[in-house]
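Q: So that you have it, the file is query_37.txt, and it contains compact mmCIF, C-alpha atoms:
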```txt
# COMPACT_ATOMS: atom_id res chain seq x y z
CA MET A 62 13.59 -13.80 23.35
CA ALA A 63 12.97 -10.21 24.39
CA PRO A 64 12.46 -7.71 21.56
CA VAL A 65 15.25 -5.30 20.78
CA ALA A 66 12.90 -2.50 19.73
CA ARG A 67 9.24 -1.70 19.12
CA PHE A 68 7.86 -1.39 15.59
CA ARG A 69 7.23 2.26 14.73
CA SER A 70 6.75 3.00 11.02
CA VAL A 71 6.98 1.91 7.44
CA VAL A 72 8.58 4.70 5.39
CA VAL A 73 7.70 5.05 1.72
CA ASP A 74 9.76 7.00 -0.82
CA CYS A 75 7.62 8.78 -3.41
CA PRO A 76 7.40 11.89 -5.58
CA ASP A 77 4.50 13.54 -3.66
CA PRO A 78 4.29 12.51 0.03
CA ALA A 79 1.06 14.39 0.85
CA ALA A 80 -0.80 12.98 -2.17
CA LEU A 81 0.28 9.41 -1.49
CA ALA A 82 -0.58 9.74 2.21
CA ARG A 83 -4.08 10.94 1.24
CA PHE A 84 -4.45 7.94 -1.11
CA TYR A 85 -3.67 5.47 1.69
CA ALA A 86 -5.78 7.40 4.22
CA ALA A 87 -8.77 7.02 1.88
CA ILE A 88 -8.19 3.25 1.94
CA VAL A 89 -7.19 2.49 5.55
CA GLY A 90 -8.47 5.55 7.42
CA GLY A 91 -6.68 8.16 9.45
CA GLU A 92 -5.73 11.72 8.65
CA PRO A 93 -2.27 12.49 7.25
CA ASP A 94 -0.16 14.98 9.16
CA THR A 95 1.14 17.15 6.32
CA GLU A 96 2.66 19.88 8.49
CA ASP A 97 6.14 18.93 7.24
CA PRO A 98 6.01 18.28 3.45
CA GLU A 99 9.29 16.35 3.73
CA TRP A 100 7.87 13.84 6.25
CA VAL A 101 4.14 13.10 6.04
CA VAL A 102 2.80 10.72 8.69
CA LEU A 103 -0.39 8.66 8.50
CA GLN A 104 -1.29 6.93 11.76
CA VAL A 105 -3.36 3.96 10.65
CA PRO A 106 -6.24 3.47 13.12
CA GLY A 107 -5.43 0.38 15.16
CA GLY A 108 -2.23 -0.15 13.19
CA PRO A 109 1.24 1.16 12.45
CA ARG A 110 2.31 4.49 11.06
CA LEU A 111 2.87 4.91 7.34
CA CYS A 112 5.33 7.71 6.65
CA PHE A 113 6.00 9.25 3.27
CA GLN A 114 9.11 11.14 2.21
CA PRO A 115 10.13 12.72 -1.09
CA ALA A 116 12.73 10.92 -3.16
CA PRO A 117 14.48 13.04 -5.78
CA GLY A 118 14.71 11.11 -9.03
CA TYR A 119 12.14 8.59 -7.79
CA THR A 120 11.61 5.66 -10.16
CA PRO A 121 8.60 3.45 -9.43
CA PRO A 122 9.17 -0.24 -8.82
CA GLU A 123 8.34 -2.78 -11.50
CA TRP A 124 6.17 -5.67 -10.38
CA PRO A 125 6.92 -8.58 -10.44
CA ARG A 126 10.47 -8.03 -11.69
CA ALA A 127 13.35 -9.23 -9.56
CA ASP A 128 16.23 -8.35 -11.87
CA ARG A 129 16.03 -4.55 -11.64
CA ASN A 130 13.93 -1.98 -9.86
CA SER A 131 11.97 -4.72 -8.12
CA GLN A 132 8.95 -4.07 -5.96
CA GLN A 133 11.12 -3.05 -2.96
CA PHE A 134 8.22 -3.71 -0.57
CA HIS A 135 4.45 -4.05 -0.72
CA ILE A 136 1.53 -3.60 1.64
CA ASP A 137 -1.09 -6.31 2.19
CA LEU A 138 -4.56 -4.98 3.03
CA ASP A 139 -7.41 -7.07 4.46
CA ALA A 140 -10.32 -6.44 2.07
CA GLY A 141 -12.73 -8.88 3.71
CA SER A 142 -13.46 -12.60 3.79
CA THR A 143 -15.42 -12.90 0.52
CA TRP A 144 -14.59 -12.12 -3.10
CA GLU A 145 -17.64 -9.82 -3.12
CA GLU A 146 -16.00 -7.67 -0.42
CA VAL A 147 -12.76 -7.68 -2.41
CA GLU A 148 -14.70 -6.57 -5.52
CA VAL A 149 -16.15 -3.60 -3.60
CA ALA A 150 -12.69 -2.69 -2.28
CA GLN A 151 -11.26 -3.04 -5.79
CA GLU A 152 -13.75 -0.55 -7.24
CA LYS A 153 -12.89 1.92 -4.48
CA VAL A 154 -9.10 1.70 -4.87
CA LEU A 155 -9.39 2.00 -8.65
CA GLY A 156 -11.55 5.09 -8.14
CA LEU A 157 -8.83 6.55 -5.91
CA GLY A 158 -6.17 6.15 -8.58
CA ALA A 159 -4.80 2.63 -8.11
CA ARG A 160 -3.97 0.63 -11.20
CA PRO A 161 -4.34 -3.14 -11.48
CA LEU A 162 -1.16 -5.17 -11.80
CA HIS A 163 -2.84 -8.53 -11.36
CA ALA A 164 -6.47 -8.03 -10.41
CA GLU A 165 -7.82 -11.46 -11.29
CA ASP A 166 -8.53 -13.87 -8.46
CA LYS A 167 -5.09 -15.22 -7.58
CA GLU A 168 -5.08 -17.46 -4.58
CA ASP A 169 -6.36 -15.03 -1.95
CA PHE A 170 -5.13 -11.67 -3.21
CA ARG A 171 -5.14 -9.16 -6.05
CA VAL A 172 -2.22 -6.86 -6.82
CA TYR A 173 -2.41 -3.13 -7.64
CA ALA A 174 -0.03 -0.19 -7.94
CA ASP A 175 -0.62 2.94 -5.88
CA PRO A 176 -0.38 6.32 -7.68
CA ALA A 177 3.41 6.33 -7.15
CA GLY A 178 3.75 2.79 -8.55
CA HIS A 179 4.27 0.83 -5.30
CA PRO A 180 2.53 -2.54 -5.35
CA PHE A 181 -0.11 -3.35 -2.75
CA CYS A 182 -2.50 -6.26 -2.38
CA LEU A 183 -6.16 -6.50 -1.53
CA CYS A 184 -6.32 -9.78 0.35
CA ARG A 185 -9.26 -12.05 1.04
CA ILE A 186 -8.75 -13.08 4.66
CA GLU A 187 -10.83 -15.70 6.43
CA HIS A 188 -12.00 -14.13 9.70
CA ASP A 189 -12.76 -16.21 12.77
```
Would you encode the structure as structure tokens?
A:
Amino acid sequence: MAPVARFRSVVVDCPDPAALARFYAAIVGGEPDTEDPEWVVLQVPGGPRLCFQPAPGYTPPEWPRADRNSQQFHIDLDAGSTWEEVEVAQEKVLGLGARPLHAEDKEDFRVYADPAGHPFCLCRIEHD
């Protein structure tokens, strides 16, 4: 089946778009375009765009709740193929302002909240 459209962006609501874009740029690379404070774009090298927009009255999601204010979405990040690589990545994201939601070894991922409260995972991915 032919695609209907091409994937362009993931858009994230948050209280401070430039700050959250800088947080993710420090993790995945790239340089946020903060020219428009109402629409900050981070082109992930070799990947999609992450866009950040202000949300008046923003309330962070609650992980892992499903009954109210659920996680809404989350981002999975490849932190390497060994738990040692994940440990190094964990120290870096915590130093950037992430907070652990479930940082113990759980299957092949650990869950954190970004500074705006969105969940994201550091995943241990077997590479070929």
Q: Could you name the residues that touch A:Pro117 at 12 Å or less, counting only C-alpha atoms, but leaving out those on the same chain fewer than 5 positions away, as a short mmCIF file (atom, residue, chain, number, x, y, z; two decimals) with C-alpha atoms, in the coordinates of the input?
A:
```cif
data_model
loop_
_atom_site.label_atom_id
_atom_site.label_comp_id
_atom_site.auth_asym_id
_atom_site.auth_seq_id
_atom_site.Cartn_x
_atom_site.Cartn_y
_atom_site.Cartn_z
CA ASP A 74 9.76 7.00 -0.82
CA CYS A 75 7.62 8.78 -3.41
CA PRO A 76 7.40 11.89 -5.58
CA ASP A 77 4.50 13.54 -3.66
CA PRO A 78 4.29 12.51 0.03
CA GLU A 99 9.29 16.35 3.73
#
```
Q: Using all atoms listed in the file, which of the listed residues (A:Ala82, A:Pro176, A:Val102, A:Met62) sits closest to A:Ala159?
A: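 That would be A:Pro176, the residue with the smallest distance to A:Ala159.
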Q: One decimal, in Å: what's the spacing between atom CA of A:Arg83 and atom CA of A:Glu146?
A: 22.2 Å
Q: Please provide the set of residues having any atom within 10 Å of A:Gly178, restricted to all atoms listed in the file, with same-chain residues fewer than 3 positions apart removed, written as number ranges by chain.
A: A: 75, 120-124, 132, 159-160, 162, 173-175, 181
Q: May I have the protein, DNA and RNA residues with an atom at most 12 Å from (-15.9, -11.5, 0.3), counting all atoms listed in the file in the file's coordinates, returned as a ChimeraX atom specification?
A: /A:139-151,166,169-170,183-188
Q: In Å, with one decimal, what is the gap from atom CA of A:Phe113 to atom CA of A:Val73?
A: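 Straight-line distance from atom CA of A:Phe113 to atom CA of A:Val73 works out to 4.8 Å.
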Q: What is the atom CA of A:Phe84 to atom CA of A:Val154 distance in Å?
A: 8.6 Å
Q: The residues within 8 Å of (0.8, -5.5, -1.9), using all atoms listed in the file and the coordinates of the file, should be reported as a list of chain:residue names; which are they?
A: A:Phe134, A:His135, A:Ile136, A:Asp137, A:Leu138, A:Val172, A:Tyr173, A:His179, A:Pro180, A:Phe181, A:Cys182, A:Leu183
Q: Can you list, as number ranges by chain, every protein, DNA or RNA residue that comes within 9 Å of stretch 63-72 of chain A when you count all atoms listed in the file, leaving out same-chain residues fewer than 6 positions away?
A: A: 102, 104, 109-114
Q: Emit a file covering stretch 108-119 of chain A of the preceding structure with N, CA, C and O atoms, as a PDB file, in the first residue's frame.
A:
```pdb
ATOM      1  N   GLY A 108      17.339  11.600  12.063  1.00  0.00           N
ATOM      2  CA  GLY A 108      16.027  11.204  12.549  1.00  0.00           C
ATOM      3  C   GLY A 108      14.971  12.256  12.263  1.00  0.00           C
ATOM      4  O   GLY A 108      15.177  13.156  11.453  1.00  0.00           O
ATOM      5  N   PRO A 109      13.852  12.153  12.952  1.00  0.00           N
ATOM      6  CA  PRO A 109      12.737  13.073  12.720  1.00  0.00           C
ATOM      7  C   PRO A 109      12.952  14.416  13.420  1.00  0.00           C
ATOM      8  O   PRO A 109      13.926  14.607  14.146  1.00  0.00           O
ATOM      9  N   ARG A 110      12.027  15.298  13.205  1.00  0.00           N
ATOM     10  CA  ARG A 110      12.024  16.569  13.917  1.00  0.00           C
ATOM     11  C   ARG A 110      11.229  16.396  15.208  1.00  0.00           C
ATOM     12  O   ARG A 110      10.191  15.749  15.225  1.00  0.00           O
ATOM     13  N   LEU A 111      11.739  16.999  16.280  1.00  0.00           N
ATOM     14  CA  LEU A 111      10.961  17.175  17.496  1.00  0.00           C
ATOM     15  C   LEU A 111      10.621  18.650  17.562  1.00  0.00           C
ATOM     16  O   LEU A 111      11.515  19.496  17.458  1.00  0.00           O
ATOM     17  N   CYS A 112       9.353  18.962  17.701  1.00  0.00           N
ATOM     18  CA  CYS A 112       8.911  20.353  17.776  1.00  0.00           C
ATOM     19  C   CYS A 112       8.269  20.572  19.140  1.00  0.00           C
ATOM     20  O   CYS A 112       7.628  19.678  19.689  1.00  0.00           O
ATOM     21  N   PHE A 113       8.448  21.759  19.664  1.00  0.00           N
ATOM     22  CA  PHE A 113       7.972  22.079  20.998  1.00  0.00           C
ATOM     23  C   PHE A 113       7.146  23.350  20.933  1.00  0.00           C
ATOM     24  O   PHE A 113       7.563  24.333  20.325  1.00  0.00           O
ATOM     25  N   GLN A 114       5.963  23.304  21.555  1.00  0.00           N
ATOM     26  CA  GLN A 114       5.091  24.469  21.547  1.00  0.00           C
ATOM     27  C   GLN A 114       4.577  24.720  22.963  1.00  0.00           C
ATOM     28  O   GLN A 114       4.394  23.780  23.737  1.00  0.00           O
ATOM     29  N   PRO A 115       4.347  25.991  23.299  1.00  0.00           N
ATOM     30  CA  PRO A 115       3.835  26.286  24.638  1.00  0.00           C
ATOM     31  C   PRO A 115       2.385  25.833  24.774  1.00  0.00           C
ATOM     32  O   PRO A 115       1.622  25.856  23.813  1.00  0.00           O
ATOM     33  N   ALA A 116       2.047  25.415  25.971  1.00  0.00           N
ATOM     34  CA  ALA A 116       0.680  24.986  26.264  1.00  0.00           C
ATOM     35  C   ALA A 116       0.222  25.704  27.529  1.00  0.00           C
ATOM     36  O   ALA A 116       0.646  25.347  28.624  1.00  0.00           O
ATOM     37  N   PRO A 117      -0.597  26.741  27.375  1.00  0.00           N
ATOM     38  CA  PRO A 117      -1.097  27.436  28.559  1.00  0.00           C
ATOM     39  C   PRO A 117      -1.820  26.457  29.492  1.00  0.00           C
ATOM     40  O   PRO A 117      -2.579  25.600  29.047  1.00  0.00           O
ATOM     41  N   GLY A 118      -1.537  26.556  30.772  1.00  0.00           N
ATOM     42  CA  GLY A 118      -2.152  25.659  31.740  1.00  0.00           C
ATOM     43  C   GLY A 118      -1.636  24.240  31.671  1.00  0.00           C
ATOM     44  O   GLY A 118      -2.294  23.313  32.128  1.00  0.00           O
ATOM     45  N   TYR A 119      -0.453  24.054  31.097  1.00  0.00           N
ATOM     46  CA  TYR A 119       0.138  22.720  30.930  1.00  0.00           C
ATOM     47  C   TYR A 119       0.156  21.959  32.258  1.00  0.00           C
ATOM     48  O   TYR A 119       0.548  22.496  33.292  1.00  0.00           O
TER      49      TYR A 119
END
```
